[in-house]
>>> print(open('structure.cif').read())   # mmCIF, C-alpha atoms
data_entry
#
loop_
_atom_site.group_PDB
_atom_site.id
_atom_site.type_symbol
_atom_site.label_atom_id
_atom_site.label_comp_id
_atom_site.auth_asym_id
_atom_site.auth_seq_id
_atom_site.Cartn_x
_atom_site.Cartn_y
_atom_site.Cartn_z
ATOM 1 C CA MET A 1 -2.119 -10.092 28.887
ATOM 2 C CA ILE A 2 -1.131 -9.326 25.311
ATOM 3 C CA PHE A 3 -0.585 -12.241 22.957
ATOM 4 C CA VAL A 4 1.511 -11.495 19.888
ATOM 5 C CA THR A 5 1.499 -13.817 16.910
ATOM 6 C CA THR A 6 3.542 -13.347 13.775
ATOM 7 C CA GLY A 7 2.175 -16.343 11.910
ATOM 8 C CA SER A 8 3.868 -19.453 10.598
ATOM 9 C CA GLN A 9 4.997 -18.391 7.135
ATOM 10 C CA LYS A 10 8.724 -18.303 6.466
ATOM 11 C CA PHE A 11 9.080 -14.542 6.836
ATOM 12 C CA GLN A 12 10.503 -12.530 9.717
ATOM 13 C CA PHE A 13 8.609 -9.751 11.471
ATOM 14 C CA ASP A 14 11.533 -8.245 13.375
ATOM 15 C CA ARG A 15 10.157 -4.726 13.007
ATOM 16 C CA LEU A 16 7.074 -5.534 15.111
ATOM 17 C CA LEU A 17 8.992 -7.479 17.756
ATOM 18 C CA ALA A 18 11.560 -4.707 18.213
ATOM 19 C CA LYS A 19 8.813 -2.074 18.498
ATOM 20 C CA LEU A 20 7.137 -4.106 21.240
ATOM 21 C CA ASP A 21 10.407 -4.201 23.198
ATOM 22 C CA GLU A 22 10.676 -0.428 22.810
ATOM 23 C CA LEU A 23 7.097 0.131 24.011
ATOM 24 C CA ILE A 24 7.630 -2.109 27.042
ATOM 25 C CA GLU A 25 10.895 -0.361 27.878
ATOM 26 C CA GLU A 26 9.147 3.032 27.620
ATOM 27 C CA LYS A 27 6.311 1.671 29.823
ATOM 28 C CA VAL A 28 3.719 2.331 27.114
ATOM 29 C CA ILE A 29 2.908 -1.368 27.419
ATOM 30 C CA THR A 30 2.603 -2.423 31.055
ATOM 31 C CA ASP A 31 0.656 -5.662 30.564
ATOM 32 C CA SER A 32 2.538 -8.928 30.344
ATOM 33 C CA VAL A 33 3.359 -9.937 26.774
ATOM 34 C CA PHE A 34 3.925 -13.319 25.207
ATOM 35 C CA ALA A 35 4.899 -13.649 21.551
ATOM 36 C CA GLN A 36 4.991 -16.461 19.054
ATOM 37 C CA ILE A 37 7.809 -15.076 16.865
ATOM 38 C CA GLY A 38 7.974 -17.652 14.077
ATOM 39 C CA TYR A 39 10.858 -17.195 11.666
ATOM 40 C CA SER A 40 11.917 -13.821 13.034
ATOM 41 C CA ASP A 41 15.569 -13.224 13.844
ATOM 42 C CA TYR A 42 14.888 -10.596 16.500
ATOM 43 C CA ILE A 43 15.088 -11.971 20.032
ATOM 44 C CA PRO A 44 12.787 -10.153 22.490
ATOM 45 C CA ARG A 45 14.460 -8.662 25.565
ATOM 46 C CA HIS A 46 11.478 -7.554 27.650
ATOM 47 C CA TYR A 47 8.848 -10.231 27.088
ATOM 48 C CA GLU A 48 8.513 -13.980 26.891
ATOM 49 C CA TYR A 49 8.388 -15.724 23.554
ATOM 50 C CA ALA A 50 8.544 -18.996 21.658
ATOM 51 C CA LYS A 51 9.451 -19.527 18.034
ATOM 52 C CA PHE A 52 6.416 -21.718 17.433
ATOM 53 C CA LEU A 53 3.503 -23.021 19.498
ATOM 54 C CA ASN A 54 1.555 -26.200 19.011
ATOM 55 C CA ARG A 55 -2.218 -25.940 18.600
ATOM 56 C CA ASP A 56 -2.950 -26.428 22.329
ATOM 57 C CA GLU A 57 -0.328 -23.906 23.433
ATOM 58 C CA PHE A 58 -1.611 -21.363 20.926
ATOM 59 C CA ALA A 59 -5.197 -21.884 22.125
ATOM 60 C CA SER A 60 -4.097 -21.504 25.745
ATOM 61 C CA TYR A 61 -2.413 -18.137 25.136
ATOM 62 C CA MET A 62 -5.362 -16.972 23.060
ATOM 63 C CA ALA A 63 -7.745 -17.890 25.879
ATOM 64 C CA LYS A 64 -5.639 -16.089 28.520
ATOM 65 C CA CYS A 65 -5.107 -12.828 26.673
ATOM 66 C CA THR A 66 -7.316 -9.766 26.423
ATOM 67 C CA THR A 67 -5.516 -8.296 23.414
ATOM 68 C CA VAL A 68 -3.934 -9.826 20.323
ATOM 69 C CA ILE A 69 -1.284 -8.025 18.301
ATOM 70 C CA THR A 70 -0.764 -9.804 15.029
ATOM 71 C CA HIS A 71 0.333 -9.582 11.430
ATOM 72 C CA GLY A 72 -2.303 -8.887 8.786
ATOM 73 C CA GLY A 73 -3.166 -12.538 8.225
ATOM 74 C CA THR A 74 -6.826 -13.414 7.976
ATOM 75 C CA GLY A 75 -6.597 -16.594 10.064
ATOM 76 C CA ALA A 76 -4.990 -14.949 13.078
ATOM 77 C CA ILE A 77 -7.393 -12.011 12.987
ATOM 78 C CA ILE A 78 -10.585 -14.034 12.586
ATOM 79 C CA GLY A 79 -9.478 -16.539 15.225
ATOM 80 C CA ALA A 80 -8.976 -13.721 17.744
ATOM 81 C CA VAL A 81 -12.153 -11.746 17.043
ATOM 82 C CA ARG A 82 -14.239 -14.933 17.159
ATOM 83 C CA GLN A 83 -13.086 -15.239 20.768
ATOM 84 C CA GLY A 84 -13.974 -11.624 21.529
ATOM 85 C CA LYS A 85 -10.380 -10.391 21.717
ATOM 86 C CA LYS A 86 -9.409 -6.839 20.858
ATOM 87 C CA VAL A 87 -7.026 -7.009 17.916
ATOM 88 C CA ILE A 88 -4.321 -4.710 16.628
ATOM 89 C CA ALA A 89 -3.102 -5.909 13.249
ATOM 90 C CA VAL A 90 0.101 -4.693 11.607
ATOM 91 C CA PRO A 91 0.589 -5.582 7.945
ATOM 92 C CA ARG A 92 3.783 -7.290 6.863
ATOM 93 C CA LEU A 93 5.431 -5.224 4.125
ATOM 94 C CA ALA A 94 7.538 -6.399 1.194
ATOM 95 C CA LYS A 95 9.995 -3.488 1.489
ATOM 96 C CA PHE A 96 11.118 -4.862 4.873
ATOM 97 C CA GLY A 97 11.384 -8.461 3.639
ATOM 98 C CA GLU A 98 8.324 -9.432 5.681
ATOM 99 C CA HIS A 99 6.352 -10.834 2.744
ATOM 100 C CA VAL A 100 6.484 -11.101 -1.037
ATOM 101 C CA ASP A 101 3.967 -8.284 -1.567
ATOM 102 C CA ASP A 102 1.753 -5.898 0.380
ATOM 103 C CA HIS A 103 -1.520 -7.822 0.189
ATOM 104 C CA GLN A 104 -1.920 -7.571 3.973
ATOM 105 C CA VAL A 105 -2.493 -3.827 3.596
ATOM 106 C CA GLN A 106 -5.489 -4.528 1.353
ATOM 107 C CA LEU A 107 -6.791 -7.173 3.770
ATOM 108 C CA LEU A 108 -6.595 -4.765 6.690
ATOM 109 C CA LYS A 109 -8.460 -2.097 4.751
ATOM 110 C CA GLN A 110 -11.313 -4.580 4.346
ATOM 111 C CA PHE A 111 -11.270 -5.285 8.087
ATOM 112 C CA ASP A 112 -11.315 -1.508 8.694
ATOM 113 C CA GLU A 113 -14.520 -1.250 6.655
ATOM 114 C CA MET A 114 -16.112 -3.853 8.929
ATOM 115 C CA ASN A 115 -14.765 -2.067 12.075
ATOM 116 C CA ILE A 116 -13.895 -5.303 13.861
ATOM 117 C CA ILE A 117 -10.189 -4.597 14.553
ATOM 118 C CA CYS A 118 -7.661 -1.796 14.922
ATOM 119 C CA SER A 119 -5.307 -1.655 11.931
ATOM 120 C CA CYS A 120 -1.838 -0.197 12.458
ATOM 121 C CA TYR A 121 -0.338 0.843 9.125
ATOM 122 C CA GLU A 122 2.586 2.822 10.597
ATOM 123 C CA MET A 123 4.755 1.175 13.252
ATOM 124 C CA GLU A 124 5.259 4.494 15.055
ATOM 125 C CA ASP A 125 1.472 4.524 15.738
ATOM 126 C CA LEU A 126 1.498 1.204 17.607
ATOM 127 C CA GLY A 127 2.051 2.730 21.062
ATOM 128 C CA LYS A 128 -0.838 5.151 20.633
ATOM 129 C CA MET A 129 -3.081 2.324 19.468
ATOM 130 C CA VAL A 130 -2.145 0.108 22.413
ATOM 131 C CA SER A 131 -2.844 3.000 24.806
ATOM 132 C CA GLU A 132 -6.216 3.821 23.245
ATOM 133 C CA LEU A 133 -7.432 0.268 22.512
ATOM 134 C CA ASP A 134 -9.595 -0.038 25.643
ATOM 135 C CA ASN A 135 -11.545 3.069 24.623
ATOM 136 C CA MET A 136 -12.134 1.882 21.053
ATOM 137 C CA GLN A 137 -15.438 0.287 20.089
ATOM 138 C CA PHE A 138 -15.586 -2.488 17.520
ATOM 139 C CA VAL A 139 -18.408 -4.341 15.817
ATOM 140 C CA PRO A 140 -18.628 -7.922 17.106
ATOM 141 C CA TYR A 141 -17.541 -10.473 14.528
ATOM 142 C CA GLN A 142 -20.361 -12.361 12.847
ATOM 143 C CA SER A 143 -19.636 -15.355 10.675
ATOM 144 C CA ASN A 144 -21.359 -15.496 7.307
ATOM 145 C CA THR A 145 -20.972 -19.277 7.098
ATOM 146 C CA GLN A 146 -24.682 -19.884 7.705
ATOM 147 C CA THR A 147 -25.611 -17.442 4.927
ATOM 148 C CA ILE A 148 -23.295 -19.228 2.514
ATOM 149 C CA ILE A 149 -24.774 -22.610 3.464
ATOM 150 C CA GLU A 150 -28.311 -21.301 2.953
ATOM 151 C CA ASP A 151 -27.373 -19.852 -0.456
ATOM 152 C CA ILE A 152 -25.923 -23.208 -1.529
ATOM 153 C CA GLU A 153 -29.012 -25.045 -0.283
ATOM 154 C CA GLN A 154 -31.302 -22.670 -2.206
ATOM 155 C CA TYR A 155 -29.232 -23.146 -5.344
ATOM 156 C CA LEU A 156 -29.304 -26.943 -5.037
ATOM 157 C CA GLU A 157 -33.056 -26.920 -4.420
ATOM 158 C CA SER A 158 -33.599 -24.783 -7.512
ATOM 159 C CA ILE A 159 -31.591 -27.284 -9.614
ATOM 160 C CA TRP A 160 -33.528 -30.264 -8.247
ATOM 161 C CA GLU A 161 -36.850 -28.579 -8.992
ATOM 162 C CA GLU A 162 -36.041 -28.231 -12.689
#
>>> encode(input="structure.cif", output="structure tokens")
Amino acid sequence: MIFVTTGSQKFQFDRLLAKLDELIEEKVITDSVFAQIGYSDYIPRHYEYAKFLNRDEFASYMAKCTTVITHGGTGAIIGAVRQGKKVIAVPRLAKFGEHVDDHQVQLLKQFDEMNIICSCYEMEDLGKMVSELDNMQFVPYQSNTQTIIEDIEQYLESIWEE
């Protein structure tokens, strides 16, 4: 199953939702699809959706899916890779009224450097990426939280020793 999440900010992501309908209609996507569409105006024709999901519903879809297609938001991406999901992330772009700027492009470039997700910068490439995702290899996500905690502890110890 493919779980699609467009986030909870007050911006539409009609371009992604329409492309998914097209890919399902063309049988490029044959898996079942469920989307959390947020503030989008586009109403999916070929897959199930909800405007918003509560925390438990979101967690349930995340647990059931094998693939997550999402916007370029850090929270959605990290949440999916932490659970071992394959992720295709499409940045929201200002020129389409999907966000106020193109910061998601820069975020995805950083994720590309870590090789933990598949970034889709051009919507026309989404079908190819969906088709090839199973053959792609990604680096497993590793949290750096423990490193940060250790650095803080070392700093505090050095202050106390003075």
>>> resolve_selection(input="structure.cif", expression="the PyMOL selection byres ((chain A and resi 53-65) around 9)", output="list in words")
Met1, Ile2, Phe3, Val33, Phe34, Gln36, Gly38, Ala50, Lys51, Phe52, Thr66, Thr67, Val68, Gly79, Ala80, Gln83 and Lys85 of chain A
>>> residues_around(input="structure.cif", residues="A:Glu132", least_positions_apart="3", cutoff="12 Å", atoms="only C-alpha atoms", output="ChimeraX atom specification")
/A:28-29,86,88,118,125-129,135-137
>>> closest_residue(input="structure.cif", among="A:Asp14, A:Glu153, A:Asp21, A:Glu26", to="A:His46", atoms="only C-alpha atoms")
A:Asp21
>>> closest_residue(input="structure.cif", among="A:Val90, A:Cys120, A:Asp112, A:Glu48", to="A:Ala76", atoms="only C-alpha atoms")
A:Val90
>>> resolve_selection(input="structure.cif", expression="the PyMOL selection byres ((chain A and resi 104-106) around 9)", output="mmCIF file with C-alpha atoms, in the coordinates of the input")
data_model
loop_
_atom_site.group_PDB
_atom_site.id
_atom_site.type_symbol
_atom_site.label_atom_id
_atom_site.label_comp_id
_atom_site.auth_asym_id
_atom_site.auth_seq_id
_atom_site.Cartn_x
_atom_site.Cartn_y
_atom_site.Cartn_z
ATOM 1 C CA HIS A 71 0.333 -9.582 11.430
ATOM 2 C CA GLY A 72 -2.303 -8.887 8.786
ATOM 3 C CA GLY A 73 -3.166 -12.538 8.225
ATOM 4 C CA THR A 74 -6.826 -13.414 7.976
ATOM 5 C CA VAL A 90 0.101 -4.693 11.607
ATOM 6 C CA PRO A 91 0.589 -5.582 7.945
ATOM 7 C CA ARG A 92 3.783 -7.290 6.863
ATOM 8 C CA LEU A 93 5.431 -5.224 4.125
ATOM 9 C CA HIS A 99 6.352 -10.834 2.744
ATOM 10 C CA ASP A 101 3.967 -8.284 -1.567
ATOM 11 C CA ASP A 102 1.753 -5.898 0.380
ATOM 12 C CA HIS A 103 -1.520 -7.822 0.189
ATOM 13 C CA LEU A 107 -6.791 -7.173 3.770
ATOM 14 C CA LEU A 108 -6.595 -4.765 6.690
ATOM 15 C CA LYS A 109 -8.460 -2.097 4.751
ATOM 16 C CA GLN A 110 -11.313 -4.580 4.346
ATOM 17 C CA PHE A 111 -11.270 -5.285 8.087
ATOM 18 C CA TYR A 121 -0.338 0.843 9.125
#
>>> closest_residue(input="structure.cif", among="A:Glu157, A:Ile78, A:Phe11, A:Ala89", to="A:Glu122", atoms="all atoms listed in the file")
A:Ala89
>>> atom_distance(input="structure.cif", atom1="atom CA of A:Met123", atom2="atom CA of A:Gln9")
20.5 Å
>>> atom_distance(input="structure.cif", atom1="atom CA of A:Tyr141", atom2="atom CA of A:Ala35")
23.7 Å
>>> atom_distance(input="structure.cif", atom1="atom CA of A:Ile24", atom2="atom CA of A:Phe96")
22.6 Å
>>> closest_residue(input="structure.cif", among="A:Val100, A:Ile77, A:Glu113, A:Glu124", to="A:Leu16", atoms="all atoms listed in the file")
A:Glu124
>>> resolve_selection(input="structure.cif", expression="the PyMOL selection byres ((chain A and resi 138) around 7)", output="list in words")
Asn115, Ile116, Ile117, Met136, Gln137, Val139 and Pro140 of chain A
